[in-house]
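Colleague: You'll find target.pdb just under this line, and it carries PDB, C-alpha atoms.
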ATOM      1  CA  MET A 194     -22.702  11.155   9.899
ATOM      2  CA  ILE A 195     -19.595  13.360   9.949
ATOM      3  CA  LYS A 196     -16.308  11.447  10.058
ATOM      4  CA  LEU A 197     -13.247  13.160  11.502
ATOM      5  CA  GLY A 198     -10.033  12.208   9.723
ATOM      6  CA  LYS A 199     -11.958  10.973   6.683
ATOM      7  CA  ARG A 200     -13.381  12.384   3.473
ATOM      8  CA  ASN A 201     -16.932  13.714   3.656
ATOM      9  CA  GLU A 202     -19.445  15.030   1.114
ATOM     10  CA  LEU A 203     -20.727  18.343   2.511
ATOM     11  CA  GLU A 204     -23.059  21.009   1.157
ATOM     12  CA  VAL A 205     -21.942  24.627   0.829
ATOM     13  CA  LEU A 206     -24.136  26.823   3.071
ATOM     14  CA  ARG A 207     -22.706  30.296   2.510
ATOM     15  CA  GLU A 208     -19.691  32.159   1.210
ATOM     16  CA  VAL A 209     -17.581  34.700   3.114
ATOM     17  CA  ASP A 210     -14.447  36.664   2.254
ATOM     18  CA  PHE A 211     -12.092  34.005   3.624
ATOM     19  CA  GLY A 212     -13.855  30.880   2.365
ATOM     20  CA  MET A 213     -17.069  28.899   2.446
ATOM     21  CA  TYR A 214     -18.977  27.353   5.321
ATOM     22  CA  LEU A 215     -20.123  23.776   4.869
ATOM     23  CA  ASP A 216     -23.028  21.974   6.523
ATOM     24  CA  ALA A 217     -21.573  19.415   8.958
ATOM     25  CA  GLY A 218     -24.929  18.529  10.493
ATOM     26  CA  GLU A 219     -24.988  18.256  14.282
ATOM     27  CA  VAL A 220     -21.338  19.321  14.432
ATOM     28  CA  GLY A 221     -22.230  22.720  13.037
ATOM     29  CA  ASP A 222     -20.802  24.744  10.196
ATOM     30  CA  VAL A 223     -17.266  23.921   9.033
ATOM     31  CA  LEU A 224     -14.979  26.344   7.244
ATOM     32  CA  LEU A 225     -13.411  25.487   3.904
ATOM     33  CA  PRO A 226     -10.642  28.127   3.533
ATOM     34  CA  ARG A 227     -10.677  29.998   0.241
ATOM     35  CA  ARG A 228      -7.365  28.517  -0.931
ATOM     36  CA  TYR A 229      -9.000  25.065  -1.076
ATOM     37  CA  ILE A 230     -12.257  25.967  -2.818
ATOM     38  CA  PRO A 231     -12.568  24.298  -6.245
ATOM     39  CA  GLU A 232     -13.047  26.781  -9.059
ATOM     40  CA  GLY A 233     -16.702  27.414  -9.848
ATOM     41  CA  THR A 234     -18.039  26.152  -6.495
ATOM     42  CA  LYS A 235     -21.186  27.944  -5.382
ATOM     43  CA  VAL A 236     -23.709  27.874  -2.526
ATOM     44  CA  GLY A 237     -25.786  24.697  -2.665
ATOM     45  CA  ASP A 238     -23.018  22.611  -4.253
ATOM     46  CA  THR A 239     -21.671  19.503  -2.581
ATOM     47  CA  VAL A 240     -17.902  19.267  -2.144
ATOM     48  CA  ASP A 241     -15.653  16.351  -1.235
ATOM     49  CA  VAL A 242     -13.496  17.416   1.716
ATOM     50  CA  PHE A 243     -11.215  15.938   4.356
ATOM     51  CA  LEU A 244     -12.034  16.980   7.939
ATOM     52  CA  TYR A 245      -9.395  17.503  10.622
ATOM     53  CA  LEU A 246      -8.542  19.858  13.479
ATOM     54  CA  ASP A 247      -6.478  22.999  12.834
ATOM     55  CA  THR A 248      -3.745  24.399  15.097
ATOM     56  CA  GLU A 249      -6.408  25.807  17.414
ATOM     57  CA  GLU A 250      -8.232  22.447  17.578
ATOM     58  CA  ARG A 251     -11.122  23.711  15.463
ATOM     59  CA  LEU A 252     -12.788  21.461  12.913
ATOM     60  CA  VAL A 253     -11.743  22.558   9.438
ATOM     61  CA  ALA A 254     -12.164  21.237   5.895
ATOM     62  CA  THR A 255      -9.699  20.884   3.046
ATOM     63  CA  THR A 256      -9.892  19.537  -0.491
ATOM     64  CA  GLU A 257      -6.269  18.388  -0.244
ATOM     65  CA  THR A 258      -5.638  14.652  -0.006
ATOM     66  CA  PRO A 259      -3.645  13.552   3.062
ATOM     67  CA  LEU A 260      -1.064  10.765   2.883
ATOM     68  CA  VAL A 261      -3.016   8.819   5.488
ATOM     69  CA  GLU A 262      -6.535   8.842   6.941
ATOM     70  CA  VAL A 263      -7.821   7.696  10.320
ATOM     71  CA  ASN A 264      -7.623   3.904  10.797
ATOM     72  CA  GLU A 265      -4.919   3.525   8.145
ATOM     73  CA  PHE A 266      -1.198   2.712   8.132
ATOM     74  CA  ALA A 267       1.369   4.852   6.303
ATOM     75  CA  TYR A 268       5.115   5.446   6.001
ATOM     76  CA  LEU A 269       5.702   9.109   6.910
ATOM     77  CA  GLU A 270       8.648  11.450   7.423
ATOM     78  CA  VAL A 271       9.293  13.377  10.639
ATOM     79  CA  LYS A 272       9.340  17.141   9.980
ATOM     80  CA  TRP A 273      10.222  18.280  13.491
ATOM     81  CA  VAL A 274      10.427  17.141  17.108
ATOM     82  CA  ASN A 275       9.753  18.901  20.412
ATOM     83  CA  GLU A 276       9.520  17.954  24.087
ATOM     84  CA  PHE A 277       6.125  16.292  23.566
ATOM     85  CA  GLY A 278       6.804  14.121  20.537
ATOM     86  CA  ALA A 279       7.325  14.081  16.770
ATOM     87  CA  PHE A 280       5.386  15.819  14.009
ATOM     88  CA  LEU A 281       4.952  13.926  10.755
ATOM     89  CA  ASP A 282       4.353  15.208   7.247
ATOM     90  CA  TRP A 283       1.007  13.829   6.090
ATOM     91  CA  GLY A 284       0.481  16.301   3.280
ATOM     92  CA  LEU A 285      -1.608  18.890   5.162
ATOM     93  CA  MET A 286      -0.824  22.303   6.602
ATOM     94  CA  LYS A 287      -0.963  21.012  10.198
ATOM     95  CA  ASP A 288       1.470  18.132  10.833
ATOM     96  CA  LEU A 289       0.406  14.794  12.313
ATOM     97  CA  PHE A 290       1.479  14.416  15.963
ATOM     98  CA  CYS A 291       3.044  11.229  17.345
ATOM     99  CA  PRO A 292       3.541  11.516  21.127
ATOM    100  CA  PHE A 293       6.623   9.964  22.730
ATOM    101  CA  GLY A 294       4.400   7.388  24.410
ATOM    102  CA  GLU A 295       3.400   6.023  20.990
ATOM    103  CA  GLN A 296       6.951   5.728  19.635
ATOM    104  CA  LYS A 297       8.784   2.380  19.626
ATOM    105  CA  MET A 298      12.059   4.290  19.558
ATOM    106  CA  LYS A 299      12.722   8.018  19.675
ATOM    107  CA  MET A 300      11.788   9.440  16.298
ATOM    108  CA  LEU A 301      14.348  11.615  14.544
ATOM    109  CA  LYS A 302      13.811  14.555  12.190
ATOM    110  CA  GLY A 303      14.183  13.568   8.547
ATOM    111  CA  ARG A 304      13.638   9.851   9.163
ATOM    112  CA  LYS A 305      10.586   7.932   7.970
ATOM    113  CA  TYR A 306       8.503   5.613  10.141
ATOM    114  CA  LEU A 307       5.589   3.290   9.623
ATOM    115  CA  ILE A 308       2.663   4.561  11.695
ATOM    116  CA  TYR A 309      -1.027   4.020  12.343
ATOM    117  CA  CYS A 310      -3.345   7.037  12.301
ATOM    118  CA  TYR A 311      -6.200   7.088  14.810
ATOM    119  CA  ILE A 312      -8.352   9.360  16.974
ATOM    120  CA  ASP A 313      -7.190   9.671  20.576
ATOM    121  CA  PRO A 314     -10.250   8.716  22.665
ATOM    122  CA  VAL A 315      -9.273  11.183  25.431
ATOM    123  CA  THR A 316      -8.318  14.321  23.487
ATOM    124  CA  TYR A 317     -10.308  13.532  20.311
ATOM    125  CA  ARG A 318      -7.257  14.585  18.306
ATOM    126  CA  ILE A 319      -6.008  12.813  15.205
ATOM    127  CA  VAL A 320      -2.645  11.308  16.193
ATOM    128  CA  ALA A 321      -0.133   8.695  15.058
ATOM    129  CA  SER A 322       1.362   5.638  16.729
ATOM    130  CA  ALA A 323       4.412   3.595  15.763
ATOM    131  CA  LYS A 324       3.293   0.762  18.053
ATOM    132  CA  LEU A 325       1.596  -1.043  15.206
ATOM    133  CA  GLU A 326       0.930  -4.428  16.779
ATOM    134  CA  LYS A 327      -1.900  -3.161  18.993
ATOM    135  CA  PHE A 328      -3.784  -1.955  15.924
ATOM    136  CA  LEU A 329      -3.585  -5.263  14.031
ATOM    137  CA  SER A 330      -6.509  -7.651  14.295
ATOM    138  CA  ASP A 331      -6.421 -10.901  16.290
ATOM    139  CA  GLU A 332      -9.439 -12.190  14.381
ATOM    140  CA  MET A 333      -9.073 -15.102  11.974
ATOM    141  CA  PRO A 334      -8.534 -13.634   8.477
ATOM    142  CA  PRO A 335     -11.289 -14.504   5.959
ATOM    143  CA  TYR A 336      -8.851 -15.610   3.237
ATOM    144  CA  HIS A 337      -7.995 -18.841   1.446
ATOM    145  CA  SER A 338      -4.925 -20.102  -0.380
ATOM    146  CA  GLY A 339      -4.491 -18.233  -3.657
ATOM    147  CA  ASP A 340      -6.495 -15.130  -2.663
ATOM    148  CA  GLU A 341      -4.984 -11.861  -3.890
ATOM    149  CA  VAL A 342      -4.462  -9.222  -1.197
ATOM    150  CA  ASP A 343      -2.963  -5.762  -0.826
ATOM    151  CA  ILE A 344       0.018  -5.628   1.517
ATOM    152  CA  LEU A 345       2.176  -2.973   3.148
ATOM    153  CA  ILE A 346       5.754  -4.031   3.927
ATOM    154  CA  GLN A 347       6.362  -3.548   7.634
ATOM    155  CA  GLN A 348       9.904  -4.629   8.556
ATOM    156  CA  LYS A 349      12.596  -7.294   8.234
ATOM    157  CA  SER A 350      12.380 -10.302  10.524
ATOM    158  CA  ASP A 351      14.456 -13.435  11.080
ATOM    159  CA  LEU A 352      12.256 -15.351   8.634
ATOM    160  CA  GLY A 353      11.669 -12.731   5.975
ATOM    161  CA  MET A 354       9.592  -9.572   5.712
ATOM    162  CA  LYS A 355       6.619  -8.790   7.919
ATOM    163  CA  ALA A 356       3.675  -7.264   6.083
ATOM    164  CA  ILE A 357       0.328  -5.746   6.965
ATOM    165  CA  VAL A 358      -2.413  -7.439   4.960
ATOM    166  CA  GLU A 359      -5.404  -5.368   3.784
ATOM    167  CA  GLY A 360      -4.620  -2.779   6.463
ATOM    168  CA  LYS A 361      -5.657  -5.179   9.204
ATOM    169  CA  TYR A 362      -3.911  -8.553   9.486
ATOM    170  CA  LYS A 363      -0.396  -9.848  10.187
ATOM    171  CA  GLY A 364       1.440 -11.398   7.257
ATOM    172  CA  LEU A 365       4.872 -12.762   6.397
ATOM    173  CA  LEU A 366       6.877 -13.189   3.204
ATOM    174  CA  PHE A 367       9.618 -15.790   3.620
ATOM    175  CA  ASP A 368      13.181 -14.928   2.598
ATOM    176  CA  ASN A 369      13.530 -17.883   0.223
ATOM    177  CA  GLU A 370      10.449 -16.743  -1.710
ATOM    178  CA  ILE A 371      11.405 -13.087  -2.139
ATOM    179  CA  PHE A 372      13.018 -12.344  -5.508
ATOM    180  CA  GLN A 373      12.856  -8.560  -5.598
ATOM    181  CA  PRO A 374      14.009  -5.676  -3.387
ATOM    182  CA  LEU A 375      11.473  -4.871  -0.660
ATOM    183  CA  HIS A 376      11.533  -1.954   1.754
ATOM    184  CA  THR A 377       9.454  -0.726   4.666
ATOM    185  CA  GLY A 378       6.496   1.230   3.313
ATOM    186  CA  ASP A 379       6.292  -0.571  -0.045
ATOM    187  CA  ARG A 380       2.729  -1.313  -1.140
ATOM    188  CA  LEU A 381       2.110  -4.205  -3.506
ATOM    189  CA  LYS A 382      -0.073  -7.164  -4.386
ATOM    190  CA  ALA A 383       0.550 -10.581  -2.887
ATOM    191  CA  PHE A 384      -1.173 -13.950  -2.649
ATOM    192  CA  VAL A 385      -2.201 -15.935   0.380
ATOM    193  CA  LYS A 386      -0.130 -19.086   0.761
ATOM    194  CA  GLN A 387      -1.920 -20.190   3.913
ATOM    195  CA  VAL A 388      -3.667 -18.810   6.975
ATOM    196  CA  ARG A 389      -2.083 -20.251  10.098
ATOM    197  CA  SER A 390      -4.023 -21.393  13.155
ATOM    198  CA  ASP A 391      -2.791 -18.301  15.043
ATOM    199  CA  GLY A 392      -4.351 -16.021  12.422
ATOM    200  CA  LYS A 393      -1.090 -14.964  10.782
ATOM    201  CA  ILE A 394      -0.928 -15.141   7.003
ATOM    202  CA  ASP A 395       1.905 -16.692   5.012
ATOM    203  CA  LEU A 396       2.245 -14.784   1.751
ATOM    204  CA  LYS A 397       3.763 -15.248  -1.691
ATOM    205  CA  LEU A 398       4.463 -12.697  -4.391
ATOM    206  CA  GLN A 399       3.630 -15.320  -7.017
ATOM    207  CA  LYS A 400       0.409 -17.213  -7.427
ATOM    208  CA  TYR A 401      -0.168 -20.885  -8.168
ATOM    209  CA  PHE A 402      -3.294 -21.866 -10.080
ATOM    210  CA  GLY A 403      -4.106 -25.357  -8.836
ATOM    211  CA  LYS A 404      -2.109 -28.141 -10.472
ATOM    212  CA  LYS A 405      -1.116 -25.982 -13.434
ATOM    213  CA  ARG A 406       1.435 -24.109 -11.344
ATOM    214  CA  ILE A 407       1.097 -21.098 -13.614
ATOM    215  CA  THR A 408       2.704 -18.149 -11.869
ATOM    216  CA  THR A 409       2.125 -14.452 -12.160
ATOM    217  CA  PHE A 410       5.613 -14.243 -13.650
ATOM    218  CA  SER A 411       4.477 -16.565 -16.444
ATOM    219  CA  ASP A 412       1.834 -13.996 -17.283
ATOM    220  CA  GLN A 413       4.456 -11.236 -17.083
ATOM    221  CA  LEU A 414       6.756 -13.167 -19.417
ATOM    222  CA  LEU A 415       3.917 -13.863 -21.827
ATOM    223  CA  GLN A 416       3.068 -10.166 -22.040
ATOM    224  CA  TYR A 417       6.766  -9.335 -22.456
ATOM    225  CA  LEU A 418       7.028 -11.724 -25.412
ATOM    226  CA  LYS A 419       3.993 -10.138 -27.054
ATOM    227  CA  GLY A 420       5.906  -6.862 -27.091
ATOM    228  CA  CYS A 421       9.072  -8.340 -28.606
ATOM    229  CA  ASP A 422       9.895  -8.304 -32.328
ATOM    230  CA  ASP A 423       8.648 -11.578 -33.818
ATOM    231  CA  GLY A 424       7.772 -12.687 -30.276
ATOM    232  CA  PHE A 425      11.394 -13.637 -29.611
ATOM    233  CA  CYS A 426      13.132 -13.144 -26.256
ATOM    234  CA  PRO A 427      16.936 -13.630 -26.065
ATOM    235  CA  PHE A 428      16.877 -15.246 -22.611
ATOM    236  CA  HIS A 429      17.126 -18.955 -21.808
ATOM    237  CA  ASP A 430      18.213 -21.343 -19.047
ATOM    238  CA  LYS A 431      21.883 -20.511 -19.631
ATOM    239  CA  SER A 432      21.399 -16.742 -19.414
ATOM    240  CA  ASP A 433      23.176 -14.841 -16.671
ATOM    241  CA  ALA A 434      21.104 -14.580 -13.465
ATOM    242  CA  GLU A 435      21.948 -10.888 -13.059
ATOM    243  CA  ASP A 436      20.785 -10.107 -16.613
ATOM    244  CA  ILE A 437      17.510 -11.915 -15.924
ATOM    245  CA  TYR A 438      16.993 -10.025 -12.689
ATOM    246  CA  ASN A 439      17.815  -6.647 -14.269
ATOM    247  CA  THR A 440      15.268  -7.310 -17.028
ATOM    248  CA  PHE A 441      12.437  -9.037 -15.183
ATOM    249  CA  GLY A 442      13.099  -8.409 -11.481
ATOM    250  CA  VAL A 443      12.998 -12.140 -10.644
ATOM    251  CA  SER A 444      15.518 -14.863  -9.846
ATOM    252  CA  LYS A 445      16.827 -17.241 -12.497
ATOM    253  CA  LYS A 446      14.908 -20.048 -10.781
ATOM    254  CA  THR A 447      11.653 -18.116 -11.135
ATOM    255  CA  PHE A 448      12.459 -17.314 -14.773
ATOM    256  CA  LYS A 449      13.122 -20.964 -15.620
ATOM    257  CA  ARG A 450       9.921 -22.010 -13.876
ATOM    258  CA  GLY A 451       7.961 -19.427 -15.867
ATOM    259  CA  VAL A 452       9.502 -20.664 -19.113
ATOM    260  CA  GLY A 453       8.556 -24.212 -18.163
ATOM    261  CA  ASP A 454       4.968 -23.185 -17.411
ATOM    262  CA  LEU A 455       4.558 -21.458 -20.784
ATOM    263  CA  TYR A 456       6.264 -24.285 -22.681
ATOM    264  CA  LYS A 457       4.013 -26.867 -21.032
ATOM    265  CA  HIS A 458       0.945 -24.942 -22.242
ATOM    266  CA  GLN A 459       2.471 -24.591 -25.751
ATOM    267  CA  PHE A 460       2.596 -20.817 -25.445
ATOM    268  CA  ILE A 461       6.275 -20.765 -26.449
ATOM    269  CA  THR A 462       8.904 -22.791 -28.290
ATOM    270  CA  LEU A 463      12.491 -23.182 -27.131
ATOM    271  CA  GLU A 464      15.091 -22.054 -29.640
ATOM    272  CA  GLU A 465      18.826 -21.675 -29.628
ATOM    273  CA  GLY A 466      19.591 -18.408 -27.892
ATOM    274  CA  GLY A 467      16.122 -17.745 -26.553
ATOM    275  CA  ILE A 468      12.399 -18.475 -26.520
ATOM    276  CA  ARG A 469       9.705 -17.620 -29.063
ATOM    277  CA  LEU A 470       5.992 -16.935 -28.713
ATOM    278  CA  THR A 471       3.685 -19.397 -30.504
ATOM    279  CA  ALA A 472       0.428 -18.522 -32.233
ATOM    280  CA  LYS A 473      -1.405 -20.054 -29.292
ATOM    281  CA  GLY A 474       0.560 -17.924 -26.862
ATOM    282  CA  ALA A 475      -0.094 -14.778 -28.870
ATOM    283  CA  ALA A 476      -3.832 -15.454 -28.830
ATOM    284  CA  GLU A 477      -4.258 -16.342 -25.189
ATOM    285  CA  ASP A 478      -3.395 -15.083 -21.711
ATOM    286  CA  VAL A 479      -2.379 -17.266 -18.831
ATOM    287  CA  GLU A 480      -5.597 -18.473 -17.258
ATOM    288  CA  ASP A 481      -6.572 -17.746 -13.661
TER
END
In structure tokens, what does this structure look like?
Modeller:
Amino acid sequence: MIKLGKRNELEVLREVDFGMYLDAGEVGDVLLPRRYIPEGTKVGDTVDVFLYLDTEERLVATTETPLVEVNEFAYLEVKWVNEFGAFLDWGLMKDLFCPFGEQKMKMLKGRKYLIYCYIDPVTYRIVASAKLEKFLSDEMPPYHSGDEVDILIQQKSDLGMKAIVEGKYKGLLFDNEIFQPLHTGDRLKAFVKQVRSDGKIDLKLQKYFGKKRITTFSDQLLQYLKGCDDGFCPFHDKSDAEDIYNTFGVSKKTFKRGVGDLYKHQFITLEEGGIRLTAKGAAEDVED
């Protein structure tokens, strides 16, 4: 089945001066303009293409990779604005349209906005919306404490940073548990702290492994020590917090906790002026 706004594997039917026509089944033949044809492609080959509508609303194929596909969120820049709405750069020749009715505030040229890409059920056009909440699921998320998830940073809130979890659910990182700069549009890994009764997910950027309380930073620190000369790191509990942050991207509290985790598991020894990797630490990773 052909999927508009998605990648499709289509067979080359015939070649013409300006490109190749691909078999799109019941939709008919779809043009792949010559500029996008992979070198060496011939009739009968199957090509991986993205399908969208051109400026004349005709179905067309491209081998370029857009910055967002249908049913996905992305952080895109406005290229231009007219009396109907804003046009966003999504990496293709034809810009992605966001009508005024789908803007939370009037979009401005040169600014970036978090949007959701979808197919308008009336016009059948691929469009964008900045009204994200209506595209997030109200279903109970299928996650448990400690599960690793992909998140997209949405915006600042009174409690911390809102995030979109696995492109579908509402999540939140609390201010007092954020130890690195975060911005709208950032994509990163996080861990489920808990799933609330309302379906919203409390998140952490560090993971706890049962009673061991081994964090992902402990693993980061362990790997860092393995790359140091003689396994020695010149940081300790008296080191300057700014120096720790500039080196590891975490707070001094997180650093000290990571040191404690590794020391408890005999992966390091504490020395004057720093910490040193033990033979046990050099041979093992932090367990999940």
Colleague: Using Å and a single decimal, report how far atom CA of A:Ala254 sits from atom CA of A:Pro231.
Modeller: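 It comes out at 12.5 Å.
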Colleague: Can you list every residue of stretch 340-441 of chain A that has an atom at most 8 Å from stretch 313-334 of chain A, with its nearest atom pair and the distance in Å to one decimal, using all atoms listed in the file, ordered by chain then number, as a tab-separated table?
Modeller:
residue	atom	partner	partner_atom	distance
A:Lys361	CA	A:Leu329	CA	5.3
A:Tyr362	CA	A:Ser330	CA	5.5
A:Lys363	CA	A:Leu329	CA	6.8
A:Val388	CA	A:Pro334	CA	7.3
A:Asp391	CA	A:Met333	CA	7.7
A:Gly392	CA	A:Met333	CA	4.8
A:Lys393	CA	A:Pro334	CA	7.9
A:Ile394	CA	A:Pro334	CA	7.9
Colleague: I need the residues from that last selection saved to file as a PDB file, keeping the file's coordinate frame (with C-alpha atoms), if you can.
Modeller:
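Result file is result.pdb:
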ATOM      1  CA  LYS A 361      -5.657  -5.179   9.204  1.00  0.00           C
ATOM      2  CA  TYR A 362      -3.911  -8.553   9.486  1.00  0.00           C
ATOM      3  CA  LYS A 363      -0.396  -9.848  10.187  1.00  0.00           C
ATOM      4  CA  VAL A 388      -3.667 -18.810   6.975  1.00  0.00           C
ATOM      5  CA  ASP A 391      -2.791 -18.301  15.043  1.00  0.00           C
ATOM      6  CA  GLY A 392      -4.351 -16.021  12.422  1.00  0.00           C
ATOM      7  CA  LYS A 393      -1.090 -14.964  10.782  1.00  0.00           C
ATOM      8  CA  ILE A 394      -0.928 -15.141   7.003  1.00  0.00           C
TER       9      ILE A 394
END
Colleague: Once you count all atoms listed in the file, which residues end up no further than 9 Å from (14.6, -10.0, -24.2) in the file's frame, shown as a PyMOL selection string?
Modeller: chain A and resi 417-418+421+425-428+437+440+467
Colleague: Need to verify the contact set: A:Ala267, 12 Å, all atoms listed in the file, exclusion of same-chain residues closer than 6 positions in sequence. Can you return it as a compact mmCIF listing (two decimals) with C-alpha atoms, in the coordinates of the input?
Modeller:
# COMPACT_ATOMS: atom_id res chain seq x y z
CA PRO A 259 -3.64 13.55 3.06
CA LEU A 260 -1.06 10.76 2.88
CA VAL A 261 -3.02 8.82 5.49
CA LEU A 281 4.95 13.93 10.76
CA ASP A 282 4.35 15.21 7.25
CA TRP A 283 1.01 13.83 6.09
CA GLY A 284 0.48 16.30 3.28
CA LEU A 289 0.41 14.79 12.31
CA LYS A 305 10.59 7.93 7.97
CA TYR A 306 8.50 5.61 10.14
CA LEU A 307 5.59 3.29 9.62
CA ILE A 308 2.66 4.56 11.70
CA TYR A 309 -1.03 4.02 12.34
CA CYS A 310 -3.34 7.04 12.30
CA TYR A 311 -6.20 7.09 14.81
CA ALA A 321 -0.13 8.70 15.06
CA SER A 322 1.36 5.64 16.73
CA ALA A 323 4.41 3.60 15.76
CA LEU A 325 1.60 -1.04 15.21
CA ILE A 344 0.02 -5.63 1.52
CA LEU A 345 2.18 -2.97 3.15
CA ILE A 346 5.75 -4.03 3.93
CA GLN A 347 6.36 -3.55 7.63
CA ILE A 357 0.33 -5.75 6.96
CA GLY A 360 -4.62 -2.78 6.46
CA THR A 377 9.45 -0.73 4.67
CA GLY A 378 6.50 1.23 3.31
CA ASP A 379 6.29 -0.57 -0.04
CA ARG A 380 2.73 -1.31 -1.14
Colleague: Where does the PyMOL selection byres ((chain A and resi 450-466) around 7) land in this file, that is, which residues does it pick, as a list of chain:residue names?
Modeller: A:Ile407, A:Thr408, A:Phe410, A:Ser411, A:Pro427, A:Phe428, A:His429, A:Lys446, A:Thr447, A:Phe448, A:Lys449, A:Gly467, A:Ile468, A:Arg469, A:Leu470, A:Thr471, A:Lys473, A:Gly474
Colleague: Would you compute the distance between atom CA of A:Ser444 and atom CA of A:Gly420? Give it in Å to one decimal.
Modeller: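 For atom CA of A:Ser444 relative to atom CA of A:Gly420, the distance reads 21.3 Å.
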Colleague: Which residues match the PyMOL selection byres ((chain A and resi 349) around 12) in the file above, as a PyMOL selection string?
Modeller: chain A and resi 346-348+350-356+364-368+371+374-378
Colleague: Just to be explicit: take each residue in the selection above, keep C-alpha atoms, and write the result as a short mmCIF file (atom, residue, chain, number, x, y, z; two decimals), keeping the file's coordinate frame.
Modeller:
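See out-v4.cif below for the written result:
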data_model
loop_
_atom_site.label_atom_id
_atom_site.label_comp_id
_atom_site.auth_asym_id
_atom_site.auth_seq_id
_atom_site.Cartn_x
_atom_site.Cartn_y
_atom_site.Cartn_z
CA ILE A 346 5.75 -4.03 3.93
CA GLN A 347 6.36 -3.55 7.63
CA GLN A 348 9.90 -4.63 8.56
CA SER A 350 12.38 -10.30 10.52
CA ASP A 351 14.46 -13.44 11.08
CA LEU A 352 12.26 -15.35 8.63
CA GLY A 353 11.67 -12.73 5.98
CA MET A 354 9.59 -9.57 5.71
CA LYS A 355 6.62 -8.79 7.92
CA ALA A 356 3.68 -7.26 6.08
CA GLY A 364 1.44 -11.40 7.26
CA LEU A 365 4.87 -12.76 6.40
CA LEU A 366 6.88 -13.19 3.20
CA PHE A 367 9.62 -15.79 3.62
CA ASP A 368 13.18 -14.93 2.60
CA ILE A 371 11.40 -13.09 -2.14
CA PRO A 374 14.01 -5.68 -3.39
CA LEU A 375 11.47 -4.87 -0.66
CA HIS A 376 11.53 -1.95 1.75
CA THR A 377 9.45 -0.73 4.67
CA GLY A 378 6.50 1.23 3.31
#
Colleague: Just want the 8 Å neighbourhood of A:Val271, counted on all atoms listed in the file, with same-chain residues fewer than 2 positions away dropped. Output as an MDAnalysis selection string.
Modeller: chainID A and resid 269 273:274 279:282 300:306
Colleague: Restricting the calculation to all atoms listed in the file, which member of A:Phe384, A:Lys287, A:Val236, A:Leu246 is positioned closest to A:Asp216?
Modeller: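 Result for the nearest residue to A:Asp216: A:Val236.
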Colleague: In Å, with one decimal, what is the gap from atom CA of A:Asn201 to atom CA of A:Leu244?
Modeller: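 Between these atoms lies a distance of 7.3 Å.
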Colleague: Looking at A:Gln296, A:Val358, A:Leu285, A:Ser338, which one is nearest to A:Thr248, with distances taken over all atoms listed in the file?
Modeller: A:Leu285
Colleague: Of the residues A:Gly198, A:Lys382, A:Val223, A:Thr409, which is the one nearest to A:Tyr245, using all atoms listed in the file?
Modeller: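 Going through A:Gly198, A:Lys382, A:Val223, A:Thr409 one by one, the smallest distance to A:Tyr245 is for A:Gly198.
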Colleague: I need the residue set behind the PyMOL selection byres ((chain A and resi 208) around 12) for this file; please write it as number ranges by chain.
Modeller: A: 204-207, 209-216, 222-227, 230, 234-238
Colleague: For A:Ser432, which of A:Lys299, A:Arg389, A:Lys445, A:Lys419 is the closest residue, counting all atoms listed in the file?
Modeller: A:Lys445
Colleague: With only C-alpha atoms as the counted atoms, please give the residues lying no more than 9 Å from A:Asp340, apart from itself and same-chain residues fewer than 6 positions off, as a PyMOL selection string.
Modeller: chain A and resi 383-386+400
Colleague: Considering all atoms listed in the file, return as a PyMOL selection string whatever protein or nucleic-acid residues lie within 10 Å of A:Val220, sequence-local ones (same chain, fewer than 4 positions apart) excluded.
Modeller: chain A and resi 194-195+216+252
Colleague: Determine the nearest neighbour of A:Gly339 from the options A:Ile312, A:Leu396, A:Leu381, A:Leu197, counting only C-alpha atoms.
Modeller: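 Checking each candidate against A:Gly339, we get A:Leu396 as the closest.
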Colleague: Between A:Asp436, A:Asp430, A:Glu276, A:Asp423, which one has atoms that come closest to A:Ala472, using all atoms listed in the file?
Modeller: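 The closest residue to A:Ala472 is A:Asp423.
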Colleague: Could you give me the axis-aligned bounding box of stretch 347-350 of chain A, with 5 Å of padding per side, as centre plus edge lengths in Å to one decimal, as AutoDock Vina command-line options?
Modeller:
--center_x 9.5 --center_y -6.9 --center_z 9.1 --size_x 16.2 --size_y 16.8 --size_z 12.9
